[in-house]
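Dumped input09.txt below, it's compact mmCIF, C-alpha atoms:
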```
# COMPACT_ATOMS: atom_id res chain seq x y z
CA MET A 84 -29.41 73.65 -64.35
CA PRO A 85 -32.21 75.46 -62.32
CA THR A 86 -34.75 77.45 -64.31
CA ARG A 87 -35.90 81.01 -63.61
CA HIS A 88 -39.25 79.61 -62.35
CA GLY A 89 -37.45 77.30 -59.94
CA ARG A 90 -35.45 80.17 -58.53
CA HIS A 91 -38.64 82.16 -57.79
CA ILE A 92 -40.15 79.23 -55.93
CA SER A 93 -36.99 78.83 -53.85
CA LYS A 94 -37.00 82.52 -52.88
CA ARG A 95 -40.68 82.39 -51.83
CA ARG A 96 -40.01 79.35 -49.59
CA SER A 97 -37.01 81.12 -47.99
CA ARG A 98 -39.15 84.19 -47.19
CA ARG A 99 -41.85 81.99 -45.62
CA ARG A 100 -39.26 80.27 -43.39
CA ARG A 101 -37.91 83.64 -42.21
CA GLN A 102 -41.43 84.93 -41.51
CA GLY A 103 -42.23 81.72 -39.62
CA ARG A 104 -39.19 82.14 -37.40
CA LYS A 105 -40.11 85.78 -36.67
CA PHE A 106 -43.61 84.71 -35.64
CA VAL A 107 -42.25 82.08 -33.24
CA TRP A 108 -39.95 84.65 -31.59
CA PHE A 109 -42.87 87.07 -31.27
CA LEU A 110 -44.90 84.40 -29.45
CA VAL A 111 -41.98 83.67 -27.07
CA LEU A 112 -41.58 87.36 -26.23
CA ALA A 113 -45.29 87.79 -25.68
CA VAL A 114 -45.51 84.84 -23.30
CA THR A 115 -42.45 86.05 -21.34
CA ALA A 116 -43.89 89.55 -20.99
CA GLY A 117 -47.13 88.08 -19.73
CA LEU A 118 -45.38 86.05 -17.03
CA VAL A 119 -43.36 89.09 -15.84
CA SER A 120 -46.52 91.19 -15.61
CA ALA A 121 -48.33 88.49 -13.66
CA TYR A 122 -45.46 88.28 -11.13
CA ALA A 123 -45.36 92.07 -10.70
CA LEU A 124 -49.10 92.15 -10.03
CA SER A 125 -48.81 89.35 -7.45
CA GLN A 126 -46.34 91.48 -5.45
CA ALA A 127 -48.40 94.68 -5.53
CA PRO A 128 -50.11 96.00 -2.36
CA GLY A 129 -53.50 94.50 -1.77
CA THR A 130 -52.69 91.14 -3.27
CA THR A 131 -52.31 87.88 -1.36
CA SER A 132 -48.84 86.40 -1.24
CA ARG A 133 -46.90 84.15 1.15
CA THR A 134 -44.28 85.97 3.24
CA LEU A 135 -41.81 84.84 5.89
CA SER A 136 -42.67 85.82 9.46
CA PRO A 137 -40.09 88.22 10.97
CA ARG A 138 -37.84 86.78 13.67
CA PRO A 139 -37.89 88.32 17.16
CA SER A 140 -35.05 90.78 17.60
CA SER A 141 -33.32 92.02 20.72
CA THR A 142 -32.89 95.38 19.00
CA SER A 143 -36.59 95.93 18.18
CA THR A 144 -38.11 99.15 19.48
CA PRO A 145 -41.40 98.85 21.39
CA GLY A 146 -44.30 100.18 19.37
CA SER A 147 -42.47 100.25 16.06
CA PRO A 148 -44.66 98.75 13.31
CA GLY A 149 -43.59 95.31 12.21
CA THR A 150 -40.85 94.85 14.81
CA GLY A 151 -42.86 92.65 17.16
CA GLU A 152 -42.03 91.92 20.78
CA VAL A 153 -38.74 92.96 22.37
CA PHE A 154 -36.64 89.98 23.49
CA ALA A 155 -33.96 90.65 26.12
CA ASP A 156 -30.78 88.59 26.33
CA SER A 157 -31.86 85.46 28.20
CA VAL A 158 -28.41 83.98 28.86
CA VAL A 159 -27.39 84.27 32.52
CA LYS A 160 -23.65 84.31 33.25
CA ILE A 161 -22.43 83.12 36.65
CA ASP A 162 -18.73 82.98 37.63
CA VAL A 163 -17.71 80.88 40.63
CA LEU A 164 -14.45 81.12 42.58
CA GLY A 165 -13.73 78.28 44.98
CA ASP A 166 -11.61 75.44 46.27
CA SER A 167 -12.20 71.68 46.38
CA TYR A 168 -15.67 72.25 47.85
CA THR A 169 -16.49 73.67 44.43
CA ALA A 170 -14.13 71.68 42.21
CA GLY A 171 -15.13 68.34 43.68
CA SER A 172 -12.77 65.60 44.84
CA VAL A 173 -12.30 61.85 44.77
CA GLU A 174 -14.74 61.79 47.70
CA GLY A 175 -17.58 63.29 45.65
CA GLY A 176 -18.81 66.05 43.40
CA ARG A 177 -17.27 64.91 40.14
CA GLY A 178 -19.04 65.57 36.84
CA ALA A 179 -22.83 65.76 36.96
CA ALA A 180 -22.81 65.28 40.74
CA ASN A 181 -21.00 68.58 41.34
CA TRP A 182 -23.08 71.26 43.03
CA THR A 183 -22.39 73.78 40.25
CA ARG A 184 -23.81 71.35 37.68
CA LEU A 185 -26.82 70.67 39.89
CA VAL A 186 -27.45 74.41 40.26
CA GLY A 187 -27.19 74.84 36.49
CA THR A 188 -29.76 72.07 36.00
CA ARG A 189 -32.16 73.77 38.40
CA PHE A 190 -31.96 76.98 36.41
CA THR A 191 -32.47 75.07 33.16
CA ASP A 192 -35.48 73.24 34.56
CA ARG A 193 -37.22 76.53 35.25
CA GLY A 194 -36.45 77.88 31.80
CA ASP A 195 -33.27 79.90 32.30
CA THR A 196 -30.20 79.46 30.12
CA VAL A 197 -27.11 79.62 32.32
CA GLU A 198 -23.42 79.82 31.44
CA LEU A 199 -21.37 78.78 34.46
CA ASN A 200 -17.71 79.71 34.55
CA VAL A 201 -16.31 77.56 37.37
CA MET A 202 -12.89 78.81 38.49
CA ALA A 203 -12.22 76.28 41.24
CA GLN A 204 -8.78 75.17 42.34
CA PRO A 205 -8.33 72.65 45.18
CA GLY A 206 -6.22 74.02 48.02
CA SER A 207 -6.76 77.66 47.06
CA GLY A 208 -8.18 80.53 49.10
CA TYR A 209 -7.95 84.28 49.59
CA ILE A 210 -4.30 83.87 50.53
CA ALA A 211 -3.58 80.15 50.11
CA ARG A 212 -2.31 79.06 46.73
CA GLY A 213 -3.96 76.00 45.23
CA ASN A 214 -2.62 73.05 43.32
CA GLU A 215 -1.83 75.28 40.35
CA GLY A 216 -0.08 77.88 42.50
CA LEU A 217 -2.82 80.53 42.38
CA ALA A 218 -4.95 82.28 45.02
CA PHE A 219 -8.52 83.49 44.40
CA ARG A 220 -7.46 86.98 43.33
CA GLU A 221 -5.00 85.66 40.76
CA ILE A 222 -7.53 83.19 39.39
CA ALA A 223 -10.09 85.99 39.02
CA THR A 224 -7.57 88.16 37.19
CA LEU A 225 -6.98 85.39 34.66
CA ARG A 226 -10.45 83.97 34.15
CA LEU A 227 -13.23 86.23 35.44
CA ARG A 228 -15.58 87.41 32.67
CA GLU A 229 -16.08 91.15 32.46
CA ASP A 230 -19.73 90.81 31.38
CA THR A 231 -20.76 88.24 33.97
CA ASP A 232 -24.03 88.77 35.87
CA VAL A 233 -23.12 87.16 39.20
CA VAL A 234 -19.85 86.30 40.92
CA LEU A 235 -19.91 83.77 43.76
CA VAL A 236 -16.85 83.37 45.99
CA PHE A 237 -16.99 80.22 48.13
CA GLY A 238 -14.46 79.46 50.89
CA SER A 239 -11.94 78.97 52.11
CA ARG A 240 -10.77 76.93 55.07
CA ASN A 241 -7.46 76.55 53.23
CA ASP A 242 -6.29 80.01 54.34
CA GLY A 243 -5.40 78.58 57.74
CA LEU A 244 -3.90 80.72 60.46
CA GLN A 245 -3.59 84.35 59.31
CA THR A 246 -3.36 87.73 61.00
CA ASP A 247 -6.54 89.78 60.98
CA ASP A 248 -4.90 92.47 58.86
CA ALA A 249 -3.68 90.01 56.24
CA MET A 250 -7.01 88.25 55.94
CA TYR A 251 -8.97 91.49 55.79
CA ALA A 252 -6.63 93.00 53.17
CA ALA A 253 -6.79 89.88 50.97
CA ALA A 254 -10.59 89.77 51.08
CA LYS A 255 -10.98 93.49 50.45
CA SER A 256 -8.54 93.37 47.51
CA LEU A 257 -10.36 90.43 45.95
CA TYR A 258 -13.81 92.02 46.21
CA SER A 259 -12.50 95.33 44.89
CA ASP A 260 -10.77 93.66 41.94
CA VAL A 261 -13.88 91.66 41.06
CA ARG A 262 -15.96 94.85 41.19
CA ASP A 263 -13.51 96.67 38.91
CA ARG A 264 -13.31 93.81 36.43
CA ALA A 265 -17.05 93.02 36.31
CA PRO A 266 -18.77 96.29 37.30
CA GLY A 267 -22.25 95.09 36.38
CA ALA A 268 -22.12 91.91 38.47
CA ARG A 269 -23.69 91.12 41.81
CA ILE A 270 -21.08 89.65 44.15
CA VAL A 271 -21.94 87.01 46.74
CA ALA A 272 -19.33 85.62 49.14
CA VAL A 273 -19.90 82.45 51.15
CA GLY A 274 -17.45 82.02 54.01
CA PRO A 275 -15.56 78.88 54.98
CA VAL A 276 -17.42 75.71 55.91
CA TRP A 277 -16.44 73.57 58.90
CA PRO A 278 -18.32 70.25 59.16
CA GLN A 279 -17.35 69.57 62.76
CA ASP A 280 -19.36 70.97 65.66
CA THR A 281 -17.08 73.92 66.38
CA ALA A 282 -14.69 75.65 64.00
CA PRO A 283 -11.19 76.51 65.28
CA ASP A 284 -10.60 80.06 66.46
CA PHE A 285 -8.45 80.94 63.43
CA ILE A 286 -11.23 79.88 61.04
CA GLN A 287 -13.69 82.00 63.01
CA ALA A 288 -11.28 84.95 62.89
CA ASN A 289 -10.76 84.59 59.12
CA ASN A 290 -14.52 84.44 58.65
CA GLU A 291 -15.01 87.68 60.60
CA ALA A 292 -12.32 89.47 58.57
CA MET A 293 -13.94 88.37 55.30
CA ALA A 294 -17.35 89.54 56.50
CA ARG A 295 -15.98 92.95 57.48
CA ALA A 296 -14.30 93.44 54.10
CA ALA A 297 -17.48 92.33 52.29
CA SER A 298 -19.55 94.88 54.20
CA GLU A 299 -17.22 97.69 53.17
CA GLU A 300 -17.21 96.58 49.51
CA ASP A 301 -21.00 96.17 49.26
CA VAL A 302 -20.72 92.41 48.84
CA ARG A 303 -23.41 90.11 50.19
CA TYR A 304 -21.70 87.88 52.72
CA VAL A 305 -23.12 84.53 53.81
CA ASP A 306 -21.68 83.33 57.12
CA ALA A 307 -21.82 79.56 56.59
CA LEU A 308 -20.48 78.94 60.11
CA ALA A 309 -23.25 80.97 61.76
CA ALA A 310 -25.83 79.47 59.40
CA GLY A 311 -24.75 75.96 60.46
CA TRP A 312 -23.89 74.54 57.06
CA PHE A 313 -23.11 70.82 57.57
CA ALA A 314 -23.55 71.30 61.33
CA GLY A 315 -25.11 68.58 63.45
CA ASP A 316 -25.68 65.16 61.94
CA ASN A 317 -24.01 65.36 58.53
CA THR A 318 -23.81 61.59 58.05
CA GLY A 319 -23.57 60.88 54.34
CA LEU A 320 -22.86 64.52 53.50
CA ILE A 321 -19.16 64.54 54.40
CA SER A 322 -16.77 61.77 53.42
CA GLU A 323 -14.77 59.66 55.84
CA ASP A 324 -11.86 62.11 55.56
CA GLY A 325 -13.97 64.54 57.59
CA VAL A 326 -13.43 67.35 55.09
CA HIS A 327 -14.83 66.84 51.60
CA PRO A 328 -18.50 66.60 50.63
CA THR A 329 -19.82 63.40 49.08
CA ASP A 330 -22.18 63.41 46.10
CA VAL A 331 -25.01 63.76 48.60
CA GLY A 332 -23.09 66.63 50.20
CA HIS A 333 -22.88 68.38 46.84
CA ASP A 334 -26.62 68.03 46.43
CA TYR A 335 -26.92 69.61 49.90
CA LEU A 336 -24.68 72.51 48.77
CA ALA A 337 -26.77 73.01 45.62
CA GLY A 338 -29.82 73.40 47.85
CA LYS A 339 -28.03 76.05 49.92
CA ILE A 340 -26.46 78.00 47.05
CA PHE A 341 -29.23 77.98 44.45
CA PRO A 342 -31.45 80.41 46.43
CA LEU A 343 -28.48 82.78 46.87
CA LEU A 344 -27.93 82.90 43.12
CA GLU A 345 -31.66 83.29 42.51
CA ASP A 346 -31.72 86.36 44.75
CA ALA A 347 -28.64 87.82 43.05
CA LEU A 348 -30.15 87.35 39.59
CA ARG A 349 -33.39 88.92 40.73
CA GLU A 350 -31.41 91.99 41.77
CA VAL A 351 -29.58 92.06 38.43
CA ARG A 352 -32.84 91.98 36.48
CA ALA A 353 -34.42 94.64 38.67
CA ALA A 354 -31.49 97.02 38.23
```
Could you spell out this file's structure in structure tokens?
Amino acid sequence: MPTRHGRHISKRRSRRRRQGRKFVWFLVLAVTAGLVSAYALSQAPGTTSRTLSPRPSSTSTPGSPGTGEVFADSVVKIDVLGDSYTAGSVEGGRGAANWTRLVGTRFTDRGDTVELNVMAQPGSGYIARGNEGLAFREIATLRLREDTDVVLVFGSRNDGLQTDDAMYAAAKSLYSDVRDRAPGARIVAVGPVWPQDTAPDFIQANNEAMARAASEEDVRYVDALAAGWFAGDNTGLISEDGVHPTDVGHDYLAGKIFPLLEDALREVRAA
């Protein structure tokens, strides 16, 4: 049976243990408070600390402190309407050899990011319906981007024999629709190409009607017949079928069309 003296000793030991635990907790709290204070001081003005550099923003205001340089949207959007001269064929212009891809590469090589929307349908034209049953105007209605920067219309010899009124009305309607759908875009139209020495009268007549409509709709028109595209010795440029460009012919077209798109983009950026 424990004595009175033993009970006193037990109580004193219990008090010491409780006091010891309180002291340990006091030390923990003190150390924690010190760490918090040190962190707060490290974040105060005038102290050295590592920060993340701000990213450039297209919404930064010039002259605003801390916003840095203004970066404009660098992605160029080009929409192309065309026939097999644009789509490519079994004779040439498939994949990376296509003139649209070659033009895109030229822009990339000089540091421009380009998004090409190629709306090409073999057999199509201003009036002629292509292999999917659509003419240029219908294709544009379905696939033309409203925020595109440049629209290129290329062709088409597929329209065949048409009256002047019909050809003019089709061209004018197309240009007007493109303008309404993509009001901020520059529109460039390249007329039909005829690789032989002299184009038939109906192709010449169609070309003149397109040019007249383009003039009235403030569209830059490139008369490929008058400019002599593929004229003269085009050996290697046109396939044995006498119509479709080869891979070399597509490279030739890229050389003709790239400067036109460059000029159009220059106008867009200056506007």
Atom-to-atom span, atom CA of Leu244 of chain A and atom CA of Pro278 of chain A, Å: 17.9 Å
Closest-contact table, segment 151-197 of chain A side, partner segment 245-262 of chain A, 12 Å, counting all atoms listed in the file, as a Markdown table:
```
| residue | atom | partner | partner_atom | distance |
| --- | --- | --- | --- | --- |
| A:Asp162 | CA | A:Val261 | CA | 10.5 |
| A:Val163 | CA | A:Val261 | CA | 11.4 |
| A:Leu164 | CA | A:Val261 | CA | 10.7 |
```
7 Å contact set for segment 227-235 of chain A, all atoms listed in the file, chain neighbours under 5 positions out, as number ranges by chain: A: 159-164, 264-265, 267-272, 347, 351
Pick from A:Phe190, A:Phe341, A:Phe237, A:Tyr304, whichever lies nearest to Ala170 of chain A using all atoms listed in the file: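 Smallest separation from Ala170 of chain A among the options: A:Phe237.
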Using all atoms listed in the file: which of A:Asp334, A:Asp166, A:Asp346, A:Asp280 has the shortest distance to Asn241 of chain A: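 Nearest to Asn241 of chain A: A:Asp166.
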